[in-house]
Every structure is written in structure tokens, then in C-alpha cells.
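Next up, structure_18.txt (compact mmCIF, C-alpha atoms):
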# COMPACT_ATOMS: atom_id res chain seq x y z
CA MET A 7 -24.67 20.84 3.12
CA THR A 8 -24.01 20.50 -0.57
CA VAL A 9 -20.99 18.55 -1.77
CA PHE A 10 -20.82 20.23 -5.16
CA GLN A 11 -18.96 23.52 -5.13
CA SER A 12 -19.02 25.61 -8.30
CA ASN A 13 -18.61 29.07 -9.77
CA GLU A 14 -20.02 29.91 -13.21
CA LYS A 15 -17.25 32.42 -14.01
CA SER A 16 -14.57 29.79 -14.50
CA ASP A 17 -13.63 29.04 -18.11
CA HIS A 18 -10.86 26.53 -17.38
CA LYS A 19 -11.23 23.04 -18.78
CA LYS A 20 -8.80 20.86 -16.87
CA THR A 21 -9.61 18.20 -14.28
CA ALA A 22 -7.63 16.89 -11.31
CA HIS A 23 -8.29 13.64 -9.43
CA LEU A 24 -7.50 13.99 -5.73
CA PHE A 25 -6.96 11.10 -3.31
CA PRO A 26 -7.73 11.77 0.37
CA ALA A 27 -5.93 10.49 3.44
CA PHE A 28 -7.30 7.81 5.72
CA VAL A 29 -10.69 9.14 6.75
CA PRO A 30 -11.97 9.57 10.34
CA GLU A 31 -15.56 8.99 9.23
CA TYR A 32 -17.57 7.79 6.25
CA LEU A 33 -20.51 9.35 4.46
CA GLY A 34 -22.26 5.98 4.78
CA ILE A 35 -23.05 5.75 1.07
CA GLU A 36 -19.65 4.70 -0.24
CA THR A 37 -20.45 1.02 -0.84
CA SER A 38 -23.89 1.61 -2.36
CA VAL A 39 -22.69 4.31 -4.75
CA ILE A 40 -19.70 2.30 -5.97
CA GLU A 41 -21.76 -0.84 -6.44
CA SER A 42 -24.48 1.06 -8.31
CA TYR A 43 -21.91 1.34 -11.13
CA GLY A 44 -21.11 -2.37 -11.11
CA ILE A 45 -17.93 -2.20 -9.02
CA LYS A 46 -18.35 -4.81 -6.28
CA LEU A 47 -16.46 -4.06 -3.07
CA GLN A 48 -16.39 -7.61 -1.68
CA PRO A 49 -13.85 -9.06 -4.15
CA TYR A 50 -11.45 -6.24 -3.24
CA LEU A 51 -11.95 -6.98 0.47
CA ASP A 52 -11.44 -10.70 -0.09
CA ARG A 53 -8.25 -10.19 -2.07
CA ALA A 54 -6.88 -7.66 0.43
CA SER A 55 -7.57 -10.09 3.28
CA VAL A 56 -5.48 -12.73 1.56
CA LEU A 57 -2.65 -10.34 0.70
CA THR A 58 -2.41 -8.66 4.12
CA GLY A 59 -3.34 -11.53 6.40
CA GLU A 60 -5.92 -9.28 8.06
CA ASN A 61 -9.63 -10.04 8.13
CA LEU A 62 -11.20 -7.29 6.05
CA ARG A 63 -13.97 -9.45 4.59
CA ASP A 64 -16.50 -8.45 7.26
CA PHE A 65 -16.13 -4.71 6.69
CA ASP A 66 -19.47 -2.92 6.62
CA ILE A 67 -19.73 0.82 6.09
CA ILE A 68 -22.44 1.15 8.77
CA HIS A 69 -22.12 -1.75 11.20
CA ASN A 70 -18.42 -2.65 11.08
CA ASN A 71 -16.43 0.26 9.64
CA LEU A 72 -13.13 -0.71 11.35
CA LEU A 73 -12.33 2.92 12.18
CA GLY A 74 -11.11 1.83 15.60
CA ASP A 75 -8.21 -0.10 14.04
CA GLN A 76 -5.60 2.23 12.52
CA LEU A 77 -4.06 -0.27 10.12
CA LYS A 78 -7.32 -1.85 8.96
CA SER A 79 -8.83 1.59 8.51
CA GLN A 80 -5.89 2.51 6.26
CA TYR A 81 -6.46 -0.61 4.18
CA ILE A 82 -10.17 0.11 3.79
CA THR A 83 -9.64 3.72 2.76
CA TYR A 84 -7.12 2.58 0.15
CA ILE A 85 -9.48 -0.13 -1.13
CA ILE A 86 -12.38 2.29 -1.56
CA SER A 87 -10.15 4.73 -3.44
CA CYS A 88 -8.96 1.90 -5.70
CA CYS A 89 -12.60 1.02 -6.44
CA ILE A 90 -13.29 4.62 -7.45
CA SER A 91 -10.11 4.64 -9.54
CA ASP A 92 -11.24 1.51 -11.38
CA LEU A 93 -14.67 3.05 -11.93
CA LEU A 94 -13.18 6.22 -13.43
CA HIS A 95 -10.83 4.23 -15.65
CA GLU A 96 -13.71 2.02 -16.79
CA LYS A 97 -15.73 5.12 -17.67
CA LYS A 98 -12.64 6.60 -19.39
CA ILE A 99 -12.81 9.65 -17.13
CA LEU A 100 -9.12 10.49 -17.03
CA PRO A 101 -7.58 13.59 -15.41
CA ASP A 102 -5.10 16.19 -16.51
CA TYR A 103 -3.50 15.93 -13.07
CA ILE A 104 -3.50 13.61 -10.07
CA SER A 105 -2.49 14.53 -6.54
CA SER A 106 -2.93 13.14 -3.05
CA TYR A 107 -3.34 14.27 0.53
CA SER A 108 -1.00 12.54 2.96
CA MET A 109 -1.40 8.75 2.86
CA GLY A 110 -3.74 8.96 -0.11
CA ILE A 111 -0.50 8.68 -2.08
CA TYR A 112 -0.76 4.89 -2.42
CA ALA A 113 -4.16 4.95 -4.13
CA ALA A 114 -3.00 7.91 -6.23
CA PHE A 115 -0.07 5.94 -7.64
CA TYR A 116 -2.42 3.01 -8.22
CA HIS A 117 -4.58 5.41 -10.24
CA CYS A 118 -1.48 6.62 -12.11
CA GLY A 119 -0.66 3.05 -13.12
CA SER A 120 2.63 3.03 -11.19
CA ILE A 121 1.66 0.21 -8.80
CA ASP A 122 -0.88 -2.59 -8.71
CA PHE A 123 -3.46 -3.22 -6.01
CA GLY A 124 -1.29 -5.61 -4.01
CA THR A 125 1.77 -3.38 -4.07
CA GLY A 126 -0.24 -0.53 -2.57
CA LEU A 127 -1.32 -2.76 0.28
CA GLN A 128 2.27 -3.88 0.74
CA MET A 129 3.40 -0.24 0.97
CA ILE A 130 0.76 0.57 3.58
CA THR A 131 1.82 -2.44 5.67
CA THR A 132 5.52 -1.66 5.34
CA ALA A 133 5.10 2.01 6.24
CA PHE A 134 2.89 1.23 9.23
CA ASN A 135 5.28 -1.37 10.63
CA ALA A 136 8.36 0.80 10.04
CA ILE A 137 6.69 3.65 11.91
CA GLU A 138 5.50 1.41 14.76
CA ASN A 139 9.03 0.09 15.23
CA SER A 140 10.65 3.52 15.34
CA LEU A 141 8.25 5.59 17.43
CA PRO A 142 9.76 7.86 20.09
CA ALA A 143 9.29 6.82 23.71
CA HIS A 144 6.64 9.44 24.48
CA PRO A 145 3.07 9.17 23.05
CA GLN A 146 2.73 10.88 19.67
CA SER A 147 -0.20 12.24 17.69
CA MET A 148 -1.37 14.96 15.31
CA CYS A 149 -3.68 17.93 15.73
CA ALA A 150 -5.56 20.46 13.59
CA ILE A 151 -5.86 24.19 14.21
CA GLY A 152 -8.15 26.51 12.30
CA GLY A 153 -8.45 30.28 12.50
CA LEU A 154 -4.82 31.23 13.11
CA ASN A 155 -2.12 32.13 10.57
CA ARG A 156 1.35 30.61 10.31
CA LYS A 157 2.94 33.38 12.39
CA ASP A 158 0.45 32.69 15.21
CA ILE A 159 1.10 28.95 15.06
CA LEU A 160 4.87 29.40 15.19
CA LYS A 161 4.49 31.66 18.21
CA ILE A 162 2.52 29.18 20.30
CA MET A 163 4.81 26.35 19.16
CA GLN A 164 7.95 28.07 20.42
CA PRO A 165 8.09 26.40 23.88
CA PHE A 166 7.71 23.00 22.21
CA ILE A 167 9.85 23.58 19.14
CA ASP A 168 11.95 20.45 19.67
CA ASP A 169 9.11 17.94 19.56
CA VAL A 170 6.26 19.47 17.51
CA TYR A 171 6.21 20.33 13.81
CA ILE A 172 3.91 22.03 11.32
CA ILE A 173 3.40 19.28 8.77
CA ASN A 174 0.76 20.77 6.49
CA GLN A 175 -1.06 23.97 5.63
CA ASN A 176 -4.56 23.45 4.22
CA SER A 177 -5.37 27.10 3.64
CA GLU A 178 -4.26 30.48 4.93
CA TYR A 179 -5.75 29.78 8.36
CA SER A 180 -5.74 25.98 8.63
CA PHE A 181 -2.80 23.85 9.80
CA LEU A 182 -1.85 20.34 10.87
CA LEU A 183 0.77 19.72 13.54
CA SER A 184 2.52 16.49 14.41
CA GLY A 185 4.63 15.40 17.35
CA LYS A 186 4.61 14.71 21.09
CA TYR A 187 1.06 14.24 22.40
CA ASN A 188 1.44 16.25 25.61
CA SER A 189 3.01 19.17 23.78
CA LEU A 190 0.22 19.15 21.19
CA GLU A 191 -2.32 19.34 24.02
CA HIS A 192 -0.65 22.46 25.41
CA ILE A 193 -0.49 24.01 21.95
CA LEU A 194 -4.22 23.43 21.41
CA GLN A 195 -4.98 25.12 24.74
CA ASP A 196 -2.83 28.11 23.78
CA ALA A 197 -4.43 28.21 20.33
CA VAL A 198 -7.87 28.56 21.90
CA LYS A 199 -6.61 31.40 24.09
CA MET A 200 -5.19 33.11 21.00
CA GLY A 201 -8.58 32.92 19.26
CA ALA A 202 -8.47 29.76 17.16
CA LEU A 203 -11.87 28.92 15.72
CA GLN A 204 -11.29 25.17 15.65
CA THR A 205 -8.89 22.83 17.44
CA ARG A 206 -8.89 19.05 17.64
CA MET A 207 -6.59 16.15 18.28
CA LEU A 208 -6.59 13.58 15.49
CA PRO A 209 -7.29 9.90 16.30
CA VAL A 210 -3.78 8.68 15.40
CA THR A 211 -0.77 7.57 17.41
CA HIS A 212 1.83 8.22 14.71
CA PRO A 213 3.51 11.63 14.14
CA TYR A 214 3.04 11.43 10.36
CA HIS A 215 5.04 13.73 8.07
CA SER A 216 7.41 14.82 10.84
CA PRO A 217 11.21 14.44 11.13
CA LEU A 218 10.50 12.08 14.05
CA LEU A 219 9.90 9.42 11.39
CA LYS A 220 13.15 9.92 9.47
CA ASN A 221 14.44 6.50 10.56
CA ALA A 222 11.15 4.85 9.59
CA SER A 223 11.37 6.42 6.14
CA ALA A 224 14.84 4.93 5.63
CA VAL A 225 13.50 1.45 6.45
CA PHE A 226 10.55 2.04 4.15
CA ASN A 227 12.82 3.25 1.33
CA LYS A 228 14.90 0.07 1.40
CA ALA A 229 11.74 -2.04 1.16
CA VAL A 230 10.18 0.08 -1.60
CA GLN A 231 13.32 -0.25 -3.72
CA LYS A 232 12.49 -3.97 -4.05
CA MET A 233 8.78 -3.52 -4.85
CA ASN A 234 7.13 -3.66 -8.24
CA ILE A 235 6.85 0.00 -9.27
CA GLY A 236 6.53 1.39 -12.77
CA VAL A 237 6.58 4.81 -14.35
CA ASN A 238 3.24 6.58 -14.02
CA THR A 239 1.02 6.78 -17.11
CA LEU A 240 -0.90 9.80 -15.75
CA PRO A 241 0.67 13.02 -14.40
CA TYR A 242 1.12 13.14 -10.63
CA VAL A 243 1.66 16.47 -8.83
CA SER A 244 3.61 16.29 -5.58
CA ALA A 245 1.95 17.82 -2.52
CA ILE A 246 5.46 18.22 -1.10
CA THR A 247 7.19 20.07 -3.95
CA GLN A 248 4.27 20.94 -6.27
CA LYS A 249 6.29 19.43 -9.12
CA THR A 250 5.03 16.91 -11.66
CA ILE A 251 6.57 13.51 -11.05
CA THR A 252 7.56 11.46 -14.08
CA SER A 253 10.46 9.11 -13.31
CA LEU A 254 10.74 5.95 -11.22
CA GLU A 255 13.39 7.62 -9.06
CA ASP A 256 11.04 10.54 -8.39
CA ILE A 257 8.21 8.18 -7.44
CA ILE A 258 10.35 6.34 -4.88
CA THR A 259 11.60 9.65 -3.48
CA GLU A 260 8.05 10.95 -3.17
CA LEU A 261 6.84 7.81 -1.41
CA THR A 262 9.75 7.97 1.03
CA CYS A 263 9.50 11.70 1.77
CA ASN A 264 5.76 11.39 2.29
CA ILE A 265 6.41 9.60 5.58
CA PHE A 266 8.67 12.15 7.30
CA HIS A 267 8.45 15.36 5.28
CA GLU A 268 5.87 18.13 5.60
CA PHE A 269 3.52 18.76 2.69
CA HIS A 270 1.57 21.86 1.66
CA TRP A 271 -1.98 21.22 0.44
CA HIS A 272 -2.79 24.91 -0.03
CA LYS A 273 0.15 25.46 -2.39
CA THR A 274 -0.67 22.25 -4.26
CA PHE A 275 -4.29 23.22 -4.78
CA LEU A 276 -3.32 26.72 -5.94
CA PHE A 277 -0.75 25.21 -8.31
CA LEU A 278 -3.47 23.09 -9.92
CA LEU A 279 -5.76 26.12 -10.18
CA ASP A 280 -2.99 28.23 -11.73
CA ASN A 281 -2.42 25.51 -14.32
CA GLY A 282 -6.00 25.63 -15.53
CA THR A 283 -7.81 23.13 -13.30
CA ASP A 284 -11.39 24.04 -12.52
CA THR A 285 -12.86 20.62 -11.70
CA PHE A 286 -11.62 18.36 -8.92
CA ILE A 287 -12.88 14.84 -8.29
CA GLU A 288 -12.37 13.54 -4.76
CA CYS A 289 -11.53 9.88 -5.29
CA GLY A 290 -12.16 8.40 -1.90
CA ALA A 291 -14.38 7.85 1.09
CA GLY A 292 -15.83 10.79 2.97
CA ASP A 293 -15.66 14.39 1.74
CA SER A 294 -12.65 15.80 3.62
CA LEU A 295 -11.01 17.40 0.58
CA TYR A 296 -14.27 19.05 -0.43
CA ARG A 297 -14.55 20.56 3.05
CA LEU A 298 -10.97 21.83 2.89
CA GLY A 299 -11.67 23.31 -0.52
CA LYS A 300 -14.37 25.55 0.91
CA PHE A 301 -11.62 27.66 2.48
CA ILE A 302 -9.43 27.97 -0.60
CA GLU A 303 -9.88 30.95 -2.88
CA GLY A 304 -10.59 30.43 -6.60
CA ASP A 305 -13.15 29.45 -9.21
CA PHE A 306 -13.60 25.67 -9.16
CA LYS A 307 -15.90 22.80 -8.31
CA ILE A 308 -15.20 19.70 -6.27
CA ILE A 309 -17.15 16.54 -6.98
CA THR A 310 -17.33 13.95 -4.21
CA LEU A 311 -18.67 10.43 -4.38
CA LYS A 312 -22.11 11.71 -3.45
CA LYS A 313 -22.26 13.68 -6.71
CA ILE A 314 -20.24 11.38 -8.96
CA HIS A 315 -23.33 10.75 -11.09
CA LYS A 316 -22.72 14.21 -12.55
CA ILE A 317 -19.73 12.87 -14.46
CA CYS A 318 -20.35 9.11 -14.81
Could you render the structure as C-alpha cells?
Amino acid sequence: MTVFQSNEKSDHKKTAHLFPAFVPEYLGIETSVIESYGIKLQPYLDRASVLTGENLRDFDIIHNNLLGDQLKSQYITYIISCCISDLLHEKKILPDYISSYSMGIYAAFYHCGSIDFGTGLQMITTAFNAIENSLPAHPQSMCAIGGLNRKDILKIMQPFIDDVYIINQNSEYSFLLSGKYNSLEHILQDAVKMGALQTRMLPVTHPYHSPLLKNASAVFNKAVQKMNIGVNTLPYVSAITQKTITSLEDIITELTCNIFHEFHWHKTFLFLLDNGTDTFIECGAGDSLYRLGKFIEGDFKIITLKKIHKIC
């Protein structure tokens, strides 16, 4: 499968840098590609280990990828995105827009110049702990459903409306749900019966982006207010509101809402397209945003790490 999507008819000239969420799997080439441009991963791992108190030094993309540890996996995904950010800045490859998918927000604001490397790690730690300490009594998770529209999803959700939420729409027929694990299982079964083409439970135990985390977001907000955050030097487009964020107050609001509020990737992507973007650079591990882009209408290309040599 190619990781370079293009259409020769497009005459737009704008670029957007997109930061993915914590990945479920790696391409396996992340470290070698980054280091081929002189960005060494180990110093980032060493510094993050000191700042977080977690042993990240032994991370290896093939033999010790840490995907079985939710928090460490979040750190690693952030670190790799920061490496790519530094590479793009070093090469003076700057975007017209920046946006992020879910928890990719921390690396995105690092790329914007709003926070430094350590502050991003601090935010990840604070959010994770706040969520852990406020989880509902029943097991929680997230799931993905492909092949049904919003009306279909709402119909099969109806018996579980009090503990399951639509938290993102990737395209016209692709959705993420968050909430009570047992209810999500029933919904996936009903989705298959209704004709869904793809259903899967995500390997997480947190109901991200749902109202179930409203209390956690309040705890996170209080902590973020005391962190070192500056105004962004590059334009950031919210995946929640599709508005360009410019002020410190807006940044803190975005970070807080990102924990408990639904976002809409399809609308965000279409907003960027409508504003003249025809080239997207996926600034992270894996190629999840490229794969989502295959189901979004429009004339554009998405460059992943595997094809970053086309611009560097």
C-alpha cells in the first residue's frame, strides 16, 4: 500500500501539519528515518526518562515498543512527534496550518511553539493521572465503527444512551465511540448485524473525549493554569470547533476540552481543504491519519514519515 496520496488536479498551495493520537502500532521505520536526518532519538528518551521518572531509555521500535503500557506508549508517541517537529523546523518546512487528532494535541502545541518538550510530558502525565483518579466504577473503553452513518450509530446506541457517546467522526461512515465497556461490546454486535464493514474495540481503558471525564478535565485545567504555556507562533486549527486558536486563554480551553469533549476530524479536514490546503504532513509514528484520509473526499496528498524524503 502506498503512503503518498495525490491528485494532479489540485492547484492549492497550502500545507497543514497533522499530529496523530497515540498509535496502536508502528511502521517499524520511525527511528531509522528520523535518525537518517541527524535527529537522534536517544537524547529525547533520556531526557523524558528524567522528567517523567519512567524508564523510556530502553525503548526499541522493534524489540521493546512499550505498546503494552498505556502511559509509556503515550510518552513515546509524543517524543517521536517532537522529533519530527524538530526536523521540520530545522529544515524550515513550516505549515500554513497545524491540527491534531485527539491526544496528538500536546505535540501539536510543541510544534506551534506554545510549550516546550518538558511541559508536553507534564501535560500527558497530569491528564493521565487525572483520568485514572476519576474513572467510573465500571470498565471503560473506546471502539471504532466503519460502514454506518451517524443516524445508524445513534439508533444502535439508543439502549445505552446514558453511558456511551459518539466522540469523533472520521468521515461520513467512520465513527469513534467512548464509554462503558460492556455497552460498547453490545453496540459493536448490533453494528455488525446492521451491516457495519468494520468494528473493533480500541486497546484503551479510558473513555477519552466523553463527558465521563468532565471531573478529570477540571483537575487538569487547574494544573495547566500553572504550567509554562505561551502564545502559539504557528496557526493551530481546533479539531473541536474548527476555529484557529491564537490566544493563551484559547489554548488552555482547547487543552481542557480535549479531554472530555467530542471532536470532529472530518469537519476539521474539510475545513483545511476549503481553506486551500492540498498537502498534509503526518507528523508522527504510524500512518493512521493517512489511512483515515483515504475515505475523505477532495484533492490532496498526505505525506507520512515513510515518504518524508519527498519534502526534506
May I have the residues within 8 Å of Ser140 of chain A as a PyMOL selection string, using only C-alpha atoms and disregarding those fewer than 4 positions away in the same chain? chain A and resi 136+219+221-222
Can you list, as a PDB file with C-alpha atoms, keeping the file's coordinate frame, every protein, DNA or RNA residue that comes within 8 Å of Leu218 of chain A when you count only C-alpha atoms, leaving out same-chain residues fewer than 2 positions away?
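The resulting file, around_10.pdb, is reproduced below:
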ATOM      1  CA  LEU A 141       8.250   5.590  17.430  1.00  0.00           C
ATOM      2  CA  PRO A 142       9.760   7.860  20.090  1.00  0.00           C
ATOM      3  CA  GLY A 185       4.630  15.400  17.350  1.00  0.00           C
ATOM      4  CA  PRO A 213       3.510  11.630  14.140  1.00  0.00           C
ATOM      5  CA  SER A 216       7.410  14.820  10.840  1.00  0.00           C
ATOM      6  CA  LYS A 220      13.150   9.920   9.470  1.00  0.00           C
ATOM      7  CA  ASN A 221      14.440   6.500  10.560  1.00  0.00           C
ATOM      8  CA  PHE A 266       8.670  12.150   7.300  1.00  0.00           C
TER       9      PHE A 266
END
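Reported to one decimal place, the separation of atom CA of Ile173 of chain A from atom CA of His272 of chain A is 12.1 Å.
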Set out as a tab-separated table a contact list for segment 35-100 of chain A and segment 293-315 of chain A with a cut-off of 8 Å, giving each residue of segment 35-100 of chain A that qualifies its closest atom pair and distance in Å to one decimal, counting all atoms listed in the file, ordered by chain and rising residue number.
residue	atom	partner	partner_atom	distance
A:Ile35	CA	A:Lys312	CA	7.5
A:Glu36	CA	A:Leu311	CA	7.1
A:Val39	CA	A:Leu311	CA	7.3
So what do you get for atom CA of Pro49 of chain A versus atom CA of Phe123 of chain A, distance-wise? 12.1 Å
